[in-house]
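Written below as structure tokens is the structure these notes are about.
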Protein chains: 2
Amino acid sequence: MTAKHMKDPLVCNGAALRKATRRITQLYDTVLAPCGLSVSQRSVLVHIARAGEPTMTELAQSMVLDRSALAHNLKPLQRDGYVVVRRDEADGRSRRVALTELGREKLDEALPLWRSAQDRFEAIYGVDRAAELRLALAEIFSDDFAAAFTRPGARS
Amino acid sequence: MTAKHMKDPLVCNGAALRKATRRITQLYDTVLAPCGLSVSQRSVLVHIARAGEPTMTELAQSMVLDRSALAHNLKPLQRDGYVVVRRDEADGRSRRVALTELGREKLDEALPLWRSAQDRFEAIYGVDRAAELRLALAEIFSDDFAAAFTRPGARS
DNA sequence: CGCATTTGCGTGCATATGCCAATATCAGTC
DNA sequence: GACTGATATTGGCATATGCACGCAAATGCG
């Protein structure tokens with residue numbers, strides 16, 4: 001009876017990614033818990049810090065995140081005073097996101113916790129393998145990959 | 001000004017996983033759209049099909065998913081008539097999940113679409129590399145990995 | 001048997017994520 | 001300078017995910 005659903009070589013790449021993400025999110029979140037940030041939230045703050053004062057679209061793009069999802073994710077961070085959003089002076093449509101002083105402090109507070117989680121991960125999985133994995137993932141979430149996936153005809 | 005947040009070698013494994021997952025979910029979902037299932041939903045059905053008639057706990061464990069999250073995820077699938085949940089006869093506390101005939105049909109309908117998405121992925125990323133990646137992810141979401149992460153002292 | 005503990009689930013709440021529609025704004029045209 | 005089309009964001013709706021808590025049922029013990 002529909003044995004094709006059982007063939008294990010047919011494991012979904014998407015499902016595997018989701019499982020790994022759930023697990024790692026859980027593990028990292030537990031380590032980060034003392035500072036009150038989740039991996040997801042810290043990631044938003046890190047990306048803002050890296051970009052300086054990005055617009056919503058820029059930030060969403062750098063995070064490979066839907067714009068509306070980003071808007072939602074920012075709400076708790078605004079409420080807690082870690083980020084501020086204001087209109088761009090040049091373009092009234094755009095909003096620019098910036099860290100507050102409190103946000104920077106929270107990021108500093110989270111750093112050693114995150115470092116600890118990252119170290120634990122790499123102690124088990126291997127530092128080199130982890131770097132390799134991040135590279136592979138970066139390739140997968142790159143715009144080029146999405147473009148190639150969407151337009152099967154295109155060549156790099 | 002807090003230049004440590006800029007050091008790019010310090011890229012979070014968790015954030016990289018999340019980005020890749022968001023991207024792949026998006027790409028696969030678009031391909032799966034015609035059948036009305038998301039990658040996430042198809043994954044639930046596939047896991048049920050594989051397990052036969054698992055309890056909530058068994059299913060959640062196999063999916064590396066929180067039990068309450070699984071309960072939530074099942075609701076749309078129950079509503080649409082793809083799965084049924086009923087009490088276990090032997091243990092009144094347990095519930096067993098099973099595919100309906102409609103669920104099996106939907107899974108069959110989704111198969112070629114999923115295969116297409118999987119093929120596109122592997123055409124770009126490479127069949128062997130994809131298999132390797134799934135293996136790496138399986139290692140990461142394994143219970144052994146979580147145990148080693150949680151108890152840094154333990155040795156395999 | 002009766003009770004304390006353990007186990008399996010569901011619910012409520014909060015965040016995460018994405019789609020679509022509506023709104024506001026900008027840029028180019030006549 | 002009003003009109004048209006493109007762009008940036010928000011809000012509403014639905015699903016995904018996990019934690020804390022409460023409920024029901026099974027299990028162990030005297």
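By order in the structure tokens, chains are A, B, ...; within a chain, residues start at 1; ligands start at 1, following the order shown.
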
For the interface of chain C with chain B (cut-off 9 Å, counting only C-alpha atoms (C1' of nucleotides)), please tabulate each contacting residue of chain C alongside its nearest pair of atoms and their separation in Å to one decimal, rows sorted by chain and increasing number, as a Markdown table.
```
| residue | atom | partner | partner_atom | distance |
| --- | --- | --- | --- | --- |
| C:DT7 | C1' | B:Arg93 | CA | 8.2 |
| C:DG8 | C1' | B:Arg93 | CA | 5.3 |
| C:DC9 | C1' | B:Arg93 | CA | 7.1 |
| C:DG10 | C1' | B:Ser68 | CA | 7.6 |
| C:DT17 | C1' | B:Arg22 | CA | 8.3 |
| C:DG18 | C1' | B:Gln26 | CA | 8.6 |
```

Residues of chain A that have any atom at most 8 Å from an atom of chain B: could you tabulate them with the shortest-distance atom pair and the distance in Å to one decimal, using only C-alpha atoms, ordered by chain and increasing number, as JSON lines?
```
{"residue": "A:His5", "atom": "CA", "partner": "B:Val46", "partner_atom": "CA", "distance": 6.5}
{"residue": "A:Met6", "atom": "CA", "partner": "B:Arg50", "partner_atom": "CA", "distance": 5.5}
{"residue": "A:Val11", "atom": "CA", "partner": "B:Arg134", "partner_atom": "CA", "distance": 7.9}
{"residue": "A:Cys12", "atom": "CA", "partner": "B:Gln118", "partner_atom": "CA", "distance": 7.1}
{"residue": "A:Asn13", "atom": "CA", "partner": "B:Arg134", "partner_atom": "CA", "distance": 6.5}
{"residue": "A:Gly14", "atom": "CA", "partner": "B:Ile24", "partner_atom": "CA", "distance": 6.0}
{"residue": "A:Ala15", "atom": "CA", "partner": "B:Ser43", "partner_atom": "CA", "distance": 6.3}
{"residue": "A:Ala16", "atom": "CA", "partner": "B:Arg134", "partner_atom": "CA", "distance": 6.3}
{"residue": "A:Leu17", "atom": "CA", "partner": "B:Thr21", "partner_atom": "CA", "distance": 5.6}
{"residue": "A:Arg18", "atom": "CA", "partner": "B:Thr21", "partner_atom": "CA", "distance": 6.0}
{"residue": "A:Lys19", "atom": "CA", "partner": "B:Val64", "partner_atom": "CA", "distance": 5.7}
{"residue": "A:Ala20", "atom": "CA", "partner": "B:Phe141", "partner_atom": "CA", "distance": 4.7}
{"residue": "A:Thr21", "atom": "CA", "partner": "B:Leu17", "partner_atom": "CA", "distance": 5.6}
{"residue": "A:Arg22", "atom": "CA", "partner": "B:Val64", "partner_atom": "CA", "distance": 7.0}
{"residue": "A:Arg23", "atom": "CA", "partner": "B:Phe141", "partner_atom": "CA", "distance": 5.6}
{"residue": "A:Ile24", "atom": "CA", "partner": "B:Gly14", "partner_atom": "CA", "distance": 6.0}
{"residue": "A:Thr25", "atom": "CA", "partner": "B:Gly14", "partner_atom": "CA", "distance": 6.1}
{"residue": "A:Leu27", "atom": "CA", "partner": "B:Ala146", "partner_atom": "CA", "distance": 7.3}
{"residue": "A:Tyr28", "atom": "CA", "partner": "B:Gly14", "partner_atom": "CA", "distance": 7.4}
{"residue": "A:Val39", "atom": "CA", "partner": "B:Gly14", "partner_atom": "CA", "distance": 6.9}
{"residue": "A:Ser40", "atom": "CA", "partner": "B:Ala15", "partner_atom": "CA", "distance": 7.0}
{"residue": "A:Ser43", "atom": "CA", "partner": "B:Ala15", "partner_atom": "CA", "distance": 6.3}
{"residue": "A:Val46", "atom": "CA", "partner": "B:His5", "partner_atom": "CA", "distance": 6.5}
{"residue": "A:Ala49", "atom": "CA", "partner": "B:His5", "partner_atom": "CA", "distance": 6.7}
{"residue": "A:Arg50", "atom": "CA", "partner": "B:Met6", "partner_atom": "CA", "distance": 5.4}
{"residue": "A:Met63", "atom": "CA", "partner": "B:Lys19", "partner_atom": "CA", "distance": 6.6}
{"residue": "A:Val64", "atom": "CA", "partner": "B:Lys19", "partner_atom": "CA", "distance": 5.7}
{"residue": "A:Leu65", "atom": "CA", "partner": "B:Arg22", "partner_atom": "CA", "distance": 7.1}
{"residue": "A:Gln118", "atom": "CA", "partner": "B:Cys12", "partner_atom": "CA", "distance": 7.1}
{"residue": "A:Arg120", "atom": "CA", "partner": "B:Phe149", "partner_atom": "CA", "distance": 6.1}
{"residue": "A:Phe121", "atom": "CA", "partner": "B:Phe149", "partner_atom": "CA", "distance": 6.7}
{"residue": "A:Ile124", "atom": "CA", "partner": "B:Ala148", "partner_atom": "CA", "distance": 7.1}
{"residue": "A:Tyr125", "atom": "CA", "partner": "B:Ile140", "partner_atom": "CA", "distance": 7.8}
{"residue": "A:Ala130", "atom": "CA", "partner": "B:Asn13", "partner_atom": "CA", "distance": 7.6}
{"residue": "A:Arg134", "atom": "CA", "partner": "B:Ala16", "partner_atom": "CA", "distance": 6.3}
{"residue": "A:Leu137", "atom": "CA", "partner": "B:Ala20", "partner_atom": "CA", "distance": 5.7}
{"residue": "A:Ala138", "atom": "CA", "partner": "B:Ala16", "partner_atom": "CA", "distance": 6.9}
{"residue": "A:Ile140", "atom": "CA", "partner": "B:Ala20", "partner_atom": "CA", "distance": 6.0}
{"residue": "A:Phe141", "atom": "CA", "partner": "B:Ala20", "partner_atom": "CA", "distance": 4.7}
{"residue": "A:Phe145", "atom": "CA", "partner": "B:Ile124", "partner_atom": "CA", "distance": 7.4}
{"residue": "A:Ala146", "atom": "CA", "partner": "B:Leu27", "partner_atom": "CA", "distance": 7.3}
{"residue": "A:Ala148", "atom": "CA", "partner": "B:Ile124", "partner_atom": "CA", "distance": 7.1}
{"residue": "A:Phe149", "atom": "CA", "partner": "B:Arg120", "partner_atom": "CA", "distance": 6.1}
{"residue": "A:Thr150", "atom": "CA", "partner": "B:Leu27", "partner_atom": "CA", "distance": 7.7}
{"residue": "A:Pro152", "atom": "CA", "partner": "B:Arg120", "partner_atom": "CA", "distance": 7.4}
```

Output the selection as a CSV table (one decimal), in the first residue's frame - C-alpha atoms for each residue.
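Dumped to selection_23.csv:
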```csv
chain,number,residue,atom,x,y,z
A,5,HIS,CA,6.0,7.0,0.9
A,6,MET,CA,8.3,4.7,2.8
A,11,VAL,CA,14.0,12.3,2.5
A,12,CYS,CA,12.9,15.9,2.0
A,13,ASN,CA,15.7,18.5,2.1
A,14,GLY,CA,13.2,21.0,3.4
A,15,ALA,CA,12.0,18.7,6.2
A,16,ALA,CA,15.5,17.9,7.2
A,17,LEU,CA,16.4,21.6,7.4
A,18,ARG,CA,13.3,22.3,9.5
A,19,LYS,CA,14.1,19.5,11.9
A,20,ALA,CA,17.7,20.7,12.4
A,21,THR,CA,16.5,24.3,12.8
A,22,ARG,CA,14.0,23.3,15.4
A,23,ARG,CA,16.6,21.4,17.4
A,24,ILE,CA,19.3,24.0,17.2
A,25,THR,CA,16.9,26.8,17.9
A,27,LEU,CA,19.4,24.3,22.2
A,28,TYR,CA,20.7,27.8,21.5
A,39,VAL,CA,18.3,33.2,18.7
A,40,SER,CA,15.8,34.7,16.3
A,43,SER,CA,19.8,37.6,15.0
A,46,VAL,CA,23.0,41.4,15.0
A,49,ALA,CA,24.2,46.2,14.1
A,50,ARG,CA,26.0,45.0,11.1
A,63,MET,CA,17.9,38.1,6.8
A,64,VAL,CA,16.2,36.2,4.0
A,65,LEU,CA,13.0,37.1,5.7
A,118,GLN,CA,28.3,28.3,19.4
A,120,ARG,CA,29.3,23.8,22.4
A,121,PHE,CA,28.0,23.2,18.9
A,124,ILE,CA,30.5,18.4,19.0
A,125,TYR,CA,30.2,19.0,15.3
A,130,ALA,CA,30.6,24.0,11.2
A,134,ARG,CA,27.6,27.6,7.3
A,137,LEU,CA,23.8,27.0,4.0
A,138,ALA,CA,24.9,30.4,2.8
A,140,ILE,CA,21.5,27.6,-0.3
A,141,PHE,CA,19.9,30.8,1.0
A,145,PHE,CA,20.3,29.8,-5.6
A,146,ALA,CA,16.8,31.0,-5.4
A,148,ALA,CA,18.5,29.2,-10.3
A,149,PHE,CA,15.7,27.2,-8.6
A,150,THR,CA,13.0,29.5,-9.9
A,152,PRO,CA,15.7,26.2,-14.2
```

I'd like to know which residues of chain B are strand (DSSP E) (by DSSP, run on the backbone); could you write them as a ChimeraX atom specification?
/B:83-87,95-99

Dump as a tab-separated table the rows for residues of chain D within 12 Å of chain B: closest atom pair and distance in Å with one decimal, only C-alpha atoms (C1' of nucleotides) counted, ordered by chain and rising residue number.
```
residue	atom	partner	partner_atom	distance
D:DA14	C1'	B:Pro76	CA	9.7
D:DT15	C1'	B:Asn73	CA	7.6
D:DA16	C1'	B:Asn73	CA	7.2
D:DT17	C1'	B:Ala69	CA	5.7
D:DG18	C1'	B:Asp66	CA	6.6
D:DC19	C1'	B:Ser68	CA	9.4
D:DA20	C1'	B:Ser68	CA	11.4
D:DC23	C1'	B:Arg93	CA	10.6
D:DA24	C1'	B:Arg93	CA	7.0
D:DA25	C1'	B:Arg93	CA	5.3
D:DA26	C1'	B:Asp91	CA	7.5
D:DT27	C1'	B:Asp91	CA	11.7
```

Result of fitting chain A on chain B (Cα atoms paired in order), as a PDB file with C-alpha atoms, in the first residue's frame:
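For reference, out_37.pdb as written:
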```
ATOM      1  CA  MET A   1      31.976  51.012  18.729  1.00  0.00           C
ATOM      2  CA  THR A   2      31.311  47.402  19.665  1.00  0.00           C
ATOM      3  CA  ALA A   3      33.120  46.125  16.625  1.00  0.00           C
ATOM      4  CA  LYS A   4      32.743  42.599  17.914  1.00  0.00           C
ATOM      5  CA  HIS A   5      29.259  42.461  16.484  1.00  0.00           C
ATOM      6  CA  MET A   6      30.712  42.959  13.031  1.00  0.00           C
ATOM      7  CA  LYS A   7      33.246  40.139  12.984  1.00  0.00           C
ATOM      8  CA  ASP A   8      31.915  37.989  10.255  1.00  0.00           C
ATOM      9  CA  PRO A   9      33.560  34.711  11.201  1.00  0.00           C
ATOM     10  CA  LEU A  10      31.155  34.829  14.114  1.00  0.00           C
ATOM     11  CA  VAL A  11      28.184  33.822  12.082  1.00  0.00           C
ATOM     12  CA  CYS A  12      25.544  32.049  14.089  1.00  0.00           C
ATOM     13  CA  ASN A  13      24.869  28.459  13.105  1.00  0.00           C
ATOM     14  CA  GLY A  14      21.313  28.851  14.252  1.00  0.00           C
ATOM     15  CA  ALA A  15      20.728  31.972  12.192  1.00  0.00           C
ATOM     16  CA  ALA A  16      22.250  30.338   9.116  1.00  0.00           C
ATOM     17  CA  LEU A  17      19.991  27.325   9.525  1.00  0.00           C
ATOM     18  CA  ARG A  18      16.956  29.550   9.916  1.00  0.00           C
ATOM     19  CA  LYS A  19      17.784  31.520   6.795  1.00  0.00           C
ATOM     20  CA  ALA A  20      18.285  28.413   4.718  1.00  0.00           C
ATOM     21  CA  THR A  21      15.094  26.914   6.081  1.00  0.00           C
ATOM     22  CA  ARG A  22      13.090  30.025   5.273  1.00  0.00           C
ATOM     23  CA  ARG A  23      14.432  30.066   1.732  1.00  0.00           C
ATOM     24  CA  ILE A  24      13.920  26.386   1.017  1.00  0.00           C
ATOM     25  CA  THR A  25      10.497  26.378   2.627  1.00  0.00           C
ATOM     26  CA  GLN A  26       9.536  29.248   0.358  1.00  0.00           C
ATOM     27  CA  LEU A  27      10.876  27.535  -2.773  1.00  0.00           C
ATOM     28  CA  TYR A  28       9.360  24.152  -2.026  1.00  0.00           C
ATOM     29  CA  ASP A  29       6.041  25.641  -0.939  1.00  0.00           C
ATOM     30  CA  THR A  30       5.702  27.420  -4.252  1.00  0.00           C
ATOM     31  CA  VAL A  31       6.203  24.165  -6.116  1.00  0.00           C
ATOM     32  CA  LEU A  32       3.827  22.292  -3.806  1.00  0.00           C
ATOM     33  CA  ALA A  33       1.172  25.003  -3.930  1.00  0.00           C
ATOM     34  CA  PRO A  34      -0.977  23.322  -6.618  1.00  0.00           C
ATOM     35  CA  CYS A  35      -1.807  20.475  -4.231  1.00  0.00           C
ATOM     36  CA  GLY A  36      -2.611  22.768  -1.329  1.00  0.00           C
ATOM     37  CA  LEU A  37      -0.042  21.321   1.056  1.00  0.00           C
ATOM     38  CA  SER A  38       2.959  23.135   2.496  1.00  0.00           C
ATOM     39  CA  VAL A  39       6.302  21.411   3.013  1.00  0.00           C
ATOM     40  CA  SER A  40       5.511  21.386   6.684  1.00  0.00           C
ATOM     41  CA  GLN A  41       2.114  19.785   6.239  1.00  0.00           C
ATOM     42  CA  ARG A  42       3.354  17.226   3.755  1.00  0.00           C
ATOM     43  CA  SER A  43       6.107  16.350   6.153  1.00  0.00           C
ATOM     44  CA  VAL A  44       3.560  15.581   8.848  1.00  0.00           C
ATOM     45  CA  LEU A  45       1.605  13.314   6.518  1.00  0.00           C
ATOM     46  CA  VAL A  46       4.799  11.573   5.365  1.00  0.00           C
ATOM     47  CA  HIS A  47       5.864  10.904   8.916  1.00  0.00           C
ATOM     48  CA  ILE A  48       2.466   9.491   9.786  1.00  0.00           C
ATOM     49  CA  ALA A  49       2.549   7.282   6.702  1.00  0.00           C
ATOM     50  CA  ARG A  50       5.996   6.039   7.632  1.00  0.00           C
ATOM     51  CA  ALA A  51       5.033   5.289  11.231  1.00  0.00           C
ATOM     52  CA  GLY A  52       1.653   3.756  10.467  1.00  0.00           C
ATOM     53  CA  GLU A  53      -0.400   4.872  13.426  1.00  0.00           C
ATOM     54  CA  PRO A  54       1.889   6.647  15.879  1.00  0.00           C
ATOM     55  CA  THR A  55       0.931   8.289  19.123  1.00  0.00           C
ATOM     56  CA  MET A  56       1.318  12.032  19.412  1.00  0.00           C
ATOM     57  CA  THR A  57       4.518  11.649  21.369  1.00  0.00           C
ATOM     58  CA  GLU A  58       6.041   9.193  18.905  1.00  0.00           C
ATOM     59  CA  LEU A  59       5.144  11.385  15.971  1.00  0.00           C
ATOM     60  CA  ALA A  60       6.437  14.515  17.653  1.00  0.00           C
ATOM     61  CA  GLN A  61       9.678  12.770  18.490  1.00  0.00           C
ATOM     62  CA  SER A  62      10.189  11.515  14.954  1.00  0.00           C
ATOM     63  CA  MET A  63       9.654  15.041  13.695  1.00  0.00           C
ATOM     64  CA  VAL A  64      11.868  16.694  16.305  1.00  0.00           C
ATOM     65  CA  LEU A  65       8.842  18.767  17.141  1.00  0.00           C
ATOM     66  CA  ASP A  66       7.320  19.895  20.390  1.00  0.00           C
ATOM     67  CA  ARG A  67       4.232  17.866  21.310  1.00  0.00           C
ATOM     68  CA  SER A  68       2.024  20.897  21.639  1.00  0.00           C
ATOM     69  CA  ALA A  69       3.296  22.254  18.336  1.00  0.00           C
ATOM     70  CA  LEU A  70       2.359  18.966  16.714  1.00  0.00           C
ATOM     71  CA  ALA A  71      -1.112  19.135  18.219  1.00  0.00           C
ATOM     72  CA  HIS A  72      -1.538  22.579  16.698  1.00  0.00           C
ATOM     73  CA  ASN A  73      -0.145  21.520  13.335  1.00  0.00           C
ATOM     74  CA  LEU A  74      -2.601  18.648  13.168  1.00  0.00           C
ATOM     75  CA  LYS A  75      -5.654  20.870  13.448  1.00  0.00           C
ATOM     76  CA  PRO A  76      -5.694  22.129   9.863  1.00  0.00           C
ATOM     77  CA  LEU A  77      -4.989  18.599   8.645  1.00  0.00           C
ATOM     78  CA  GLN A  78      -7.870  17.207  10.702  1.00  0.00           C
ATOM     79  CA  ARG A  79     -10.158  19.984   9.549  1.00  0.00           C
ATOM     80  CA  ASP A  80      -9.320  19.175   5.935  1.00  0.00           C
ATOM     81  CA  GLY A  81      -9.916  15.482   6.564  1.00  0.00           C
ATOM     82  CA  TYR A  82      -6.393  14.224   5.915  1.00  0.00           C
ATOM     83  CA  VAL A  83      -5.809  12.735   9.343  1.00  0.00           C
ATOM     84  CA  VAL A  84      -7.824  11.419  12.242  1.00  0.00           C
ATOM     85  CA  VAL A  85      -6.881  11.296  15.897  1.00  0.00           C
ATOM     86  CA  ARG A  86      -8.443   8.886  18.341  1.00  0.00           C
ATOM     87  CA  ARG A  87      -7.798   7.568  21.798  1.00  0.00           C
ATOM     88  CA  ASP A  88      -5.545   4.586  22.177  1.00  0.00           C
ATOM     89  CA  GLU A  89      -7.577   1.620  23.351  1.00  0.00           C
ATOM     90  CA  ALA A  90      -4.846   0.319  25.621  1.00  0.00           C
ATOM     91  CA  ASP A  91      -3.840   3.645  27.167  1.00  0.00           C
ATOM     92  CA  GLY A  92      -6.550   6.217  27.568  1.00  0.00           C
ATOM     93  CA  ARG A  93      -4.003   9.004  27.830  1.00  0.00           C
ATOM     94  CA  SER A  94      -2.470   8.409  24.417  1.00  0.00           C
ATOM     95  CA  ARG A  95      -3.932   9.437  21.080  1.00  0.00           C
ATOM     96  CA  ARG A  96      -3.080   7.720  17.856  1.00  0.00           C
ATOM     97  CA  VAL A  97      -2.849   9.588  14.592  1.00  0.00           C
ATOM     98  CA  ALA A  98      -3.682   7.987  11.259  1.00  0.00           C
ATOM     99  CA  LEU A  99      -4.027   9.041   7.648  1.00  0.00           C
ATOM    100  CA  THR A 100      -7.465   8.969   6.116  1.00  0.00           C
ATOM    101  CA  GLU A 101      -8.003   7.707   2.602  1.00  0.00           C
ATOM    102  CA  LEU A 102      -8.192  11.344   1.553  1.00  0.00           C
ATOM    103  CA  GLY A 103      -4.894  11.949   3.290  1.00  0.00           C
ATOM    104  CA  ARG A 104      -3.232   9.145   1.366  1.00  0.00           C
ATOM    105  CA  GLU A 105      -4.627  10.472  -1.885  1.00  0.00           C
ATOM    106  CA  LYS A 106      -3.375  13.956  -1.085  1.00  0.00           C
ATOM    107  CA  LEU A 107       0.044  12.527  -0.354  1.00  0.00           C
ATOM    108  CA  ASP A 108       0.033  10.755  -3.704  1.00  0.00           C
ATOM    109  CA  GLU A 109      -1.015  13.967  -5.367  1.00  0.00           C
ATOM    110  CA  ALA A 110       1.815  15.840  -3.674  1.00  0.00           C
ATOM    111  CA  LEU A 111       4.474  13.283  -4.510  1.00  0.00           C
ATOM    112  CA  PRO A 112       5.314  14.360  -8.077  1.00  0.00           C
ATOM    113  CA  LEU A 113       5.288  18.023  -7.053  1.00  0.00           C
ATOM    114  CA  TRP A 114       7.616  17.334  -4.157  1.00  0.00           C
ATOM    115  CA  ARG A 115       9.815  15.183  -6.397  1.00  0.00           C
ATOM    116  CA  SER A 116      10.032  18.075  -8.795  1.00  0.00           C
ATOM    117  CA  ALA A 117      11.120  20.487  -6.076  1.00  0.00           C
ATOM    118  CA  GLN A 118      13.623  17.997  -4.740  1.00  0.00           C
ATOM    119  CA  ASP A 119      15.011  17.445  -8.246  1.00  0.00           C
ATOM    120  CA  ARG A 120      15.405  21.149  -8.818  1.00  0.00           C
ATOM    121  CA  PHE A 121      17.237  21.474  -5.544  1.00  0.00           C
ATOM    122  CA  GLU A 122      19.573  18.653  -6.376  1.00  0.00           C
ATOM    123  CA  ALA A 123      20.148  19.849  -9.915  1.00  0.00           C
ATOM    124  CA  ILE A 124      21.577  23.049  -8.458  1.00  0.00           C
ATOM    125  CA  TYR A 125      23.191  21.838  -5.284  1.00  0.00           C
ATOM    126  CA  GLY A 126      24.220  18.409  -6.477  1.00  0.00           C
ATOM    127  CA  VAL A 127      22.691  15.032  -5.725  1.00  0.00           C
ATOM    128  CA  ASP A 128      25.647  13.796  -3.718  1.00  0.00           C
ATOM    129  CA  ARG A 129      26.076  17.032  -1.841  1.00  0.00           C
ATOM    130  CA  ALA A 130      22.372  17.010  -1.009  1.00  0.00           C
ATOM    131  CA  ALA A 131      22.600  13.508   0.395  1.00  0.00           C
ATOM    132  CA  GLU A 132      25.640  14.584   2.370  1.00  0.00           C
ATOM    133  CA  LEU A 133      23.778  17.634   3.669  1.00  0.00           C
ATOM    134  CA  ARG A 134      20.801  15.558   4.789  1.00  0.00           C
ATOM    135  CA  LEU A 135      23.218  13.279   6.623  1.00  0.00           C
ATOM    136  CA  ALA A 136      24.837  16.229   8.341  1.00  0.00           C
ATOM    137  CA  LEU A 137      21.451  17.642   9.292  1.00  0.00           C
ATOM    138  CA  ALA A 138      20.313  14.253  10.575  1.00  0.00           C
ATOM    139  CA  GLU A 139      23.375  14.162  12.787  1.00  0.00           C
ATOM    140  CA  ILE A 140      22.565  17.625  14.077  1.00  0.00           C
ATOM    141  CA  PHE A 141      18.938  16.933  14.900  1.00  0.00           C
ATOM    142  CA  SER A 142      19.696  13.520  16.392  1.00  0.00           C
ATOM    143  CA  ASP A 143      18.977  12.940  20.054  1.00  0.00           C
ATOM    144  CA  ASP A 144      22.626  12.068  20.584  1.00  0.00           C
ATOM    145  CA  PHE A 145      23.642  15.503  19.418  1.00  0.00           C
ATOM    146  CA  ALA A 146      21.184  17.206  21.741  1.00  0.00           C
ATOM    147  CA  ALA A 147      22.347  15.025  24.618  1.00  0.00           C
ATOM    148  CA  ALA A 148      25.991  15.862  23.942  1.00  0.00           C
ATOM    149  CA  PHE A 149      25.117  19.543  23.685  1.00  0.00           C
ATOM    150  CA  THR A 150      23.188  19.526  26.922  1.00  0.00           C
ATOM    151  CA  ARG A 151      25.697  17.431  28.869  1.00  0.00           C
ATOM    152  CA  PRO A 152      29.088  18.682  27.700  1.00  0.00           C
ATOM    153  CA  GLY A 153      30.817  16.048  29.776  1.00  0.00           C
ATOM    154  CA  ALA A 154      29.342  13.021  28.040  1.00  0.00           C
ATOM    155  CA  ARG A 155      31.360  11.006  25.517  1.00  0.00           C
ATOM    156  CA  SER A 156      29.786   8.923  22.773  1.00  0.00           C
TER     157      SER A 156
END
```

Could you give me, as a ChimeraX atom specification, each residue of region 3-113 of chain A that DSSP assigns to alpha helix (DSSP H) when run on this structure's backbone?
/A:13-32,39-51,56-62,67-79,101-113

If you keep C-alpha atoms, can you produce a file of those selected residues as a CSV table (one decimal), in the first residue's frame?
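What landed in again-v5.csv:
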```
chain,number,residue,atom,x,y,z
A,13,ASN,CA,15.7,18.5,2.1
A,14,GLY,CA,13.2,21.0,3.4
A,15,ALA,CA,12.0,18.7,6.2
A,16,ALA,CA,15.5,17.9,7.2
A,17,LEU,CA,16.4,21.6,7.4
A,18,ARG,CA,13.3,22.3,9.5
A,19,LYS,CA,14.1,19.5,11.9
A,20,ALA,CA,17.7,20.7,12.4
A,21,THR,CA,16.5,24.3,12.8
A,22,ARG,CA,14.0,23.3,15.4
A,23,ARG,CA,16.6,21.4,17.4
A,24,ILE,CA,19.3,24.0,17.2
A,25,THR,CA,16.9,26.8,17.9
A,26,GLN,CA,15.8,24.9,21.0
A,27,LEU,CA,19.4,24.3,22.2
A,28,TYR,CA,20.7,27.8,21.5
A,29,ASP,CA,17.6,29.4,23.0
A,30,THR,CA,18.1,27.5,26.3
A,31,VAL,CA,21.6,28.8,26.5
A,32,LEU,CA,20.6,32.4,25.6
A,39,VAL,CA,18.3,33.2,18.7
A,40,SER,CA,15.8,34.7,16.3
A,41,GLN,CA,15.7,38.0,18.2
A,42,ARG,CA,19.4,38.2,18.7
A,43,SER,CA,19.8,37.6,15.0
A,44,VAL,CA,17.7,40.6,14.2
A,45,LEU,CA,19.7,42.8,16.5
A,46,VAL,CA,23.0,41.4,15.0
A,47,HIS,CA,21.9,42.1,11.5
A,48,ILE,CA,20.8,45.7,12.4
A,49,ALA,CA,24.2,46.2,14.1
A,50,ARG,CA,26.0,45.0,11.1
A,51,ALA,CA,24.0,47.1,8.7
A,56,MET,CA,13.0,47.4,6.4
A,57,THR,CA,13.5,46.0,3.0
A,58,GLU,CA,17.3,45.9,3.3
A,59,LEU,CA,17.1,44.3,6.7
A,60,ALA,CA,14.5,41.8,5.5
A,61,GLN,CA,16.7,40.9,2.5
A,62,SER,CA,19.8,40.4,4.5
A,67,ARG,CA,9.2,42.0,4.9
A,68,SER,CA,5.9,41.6,6.8
A,69,ALA,CA,7.5,38.9,9.0
A,70,LEU,CA,10.3,41.3,9.8
A,71,ALA,CA,7.8,44.0,10.7
A,72,HIS,CA,6.1,41.6,13.1
A,73,ASN,CA,9.4,40.4,14.6
A,74,LEU,CA,10.4,43.9,15.3
A,75,LYS,CA,7.4,44.6,17.5
A,76,PRO,CA,8.6,42.8,20.6
A,77,LEU,CA,12.0,44.4,20.2
A,78,GLN,CA,10.5,47.8,19.9
A,79,ARG,CA,8.3,47.2,22.9
A,101,GLU,CA,21.7,52.1,23.5
A,102,LEU,CA,19.7,49.5,25.4
A,103,GLY,CA,19.7,47.3,22.4
A,104,ARG,CA,23.5,47.5,22.1
A,105,GLU,CA,23.9,46.6,25.7
A,106,LYS,CA,21.6,43.7,25.4
A,107,LEU,CA,23.6,42.5,22.4
A,108,ASP,CA,26.8,42.8,24.5
A,109,GLU,CA,25.1,40.9,27.3
A,110,ALA,CA,24.0,38.1,24.9
A,111,LEU,CA,27.4,37.8,23.2
A,112,PRO,CA,29.1,35.5,25.8
A,113,LEU,CA,26.0,33.3,26.0
```

Residue contacts of DC30 (chain C) (12 Å, only C-alpha atoms (C1' of nucleotides)) excluding same-chain residues fewer than 4 positions away, as an MDAnalysis selection string
chainID D and resid 1:4
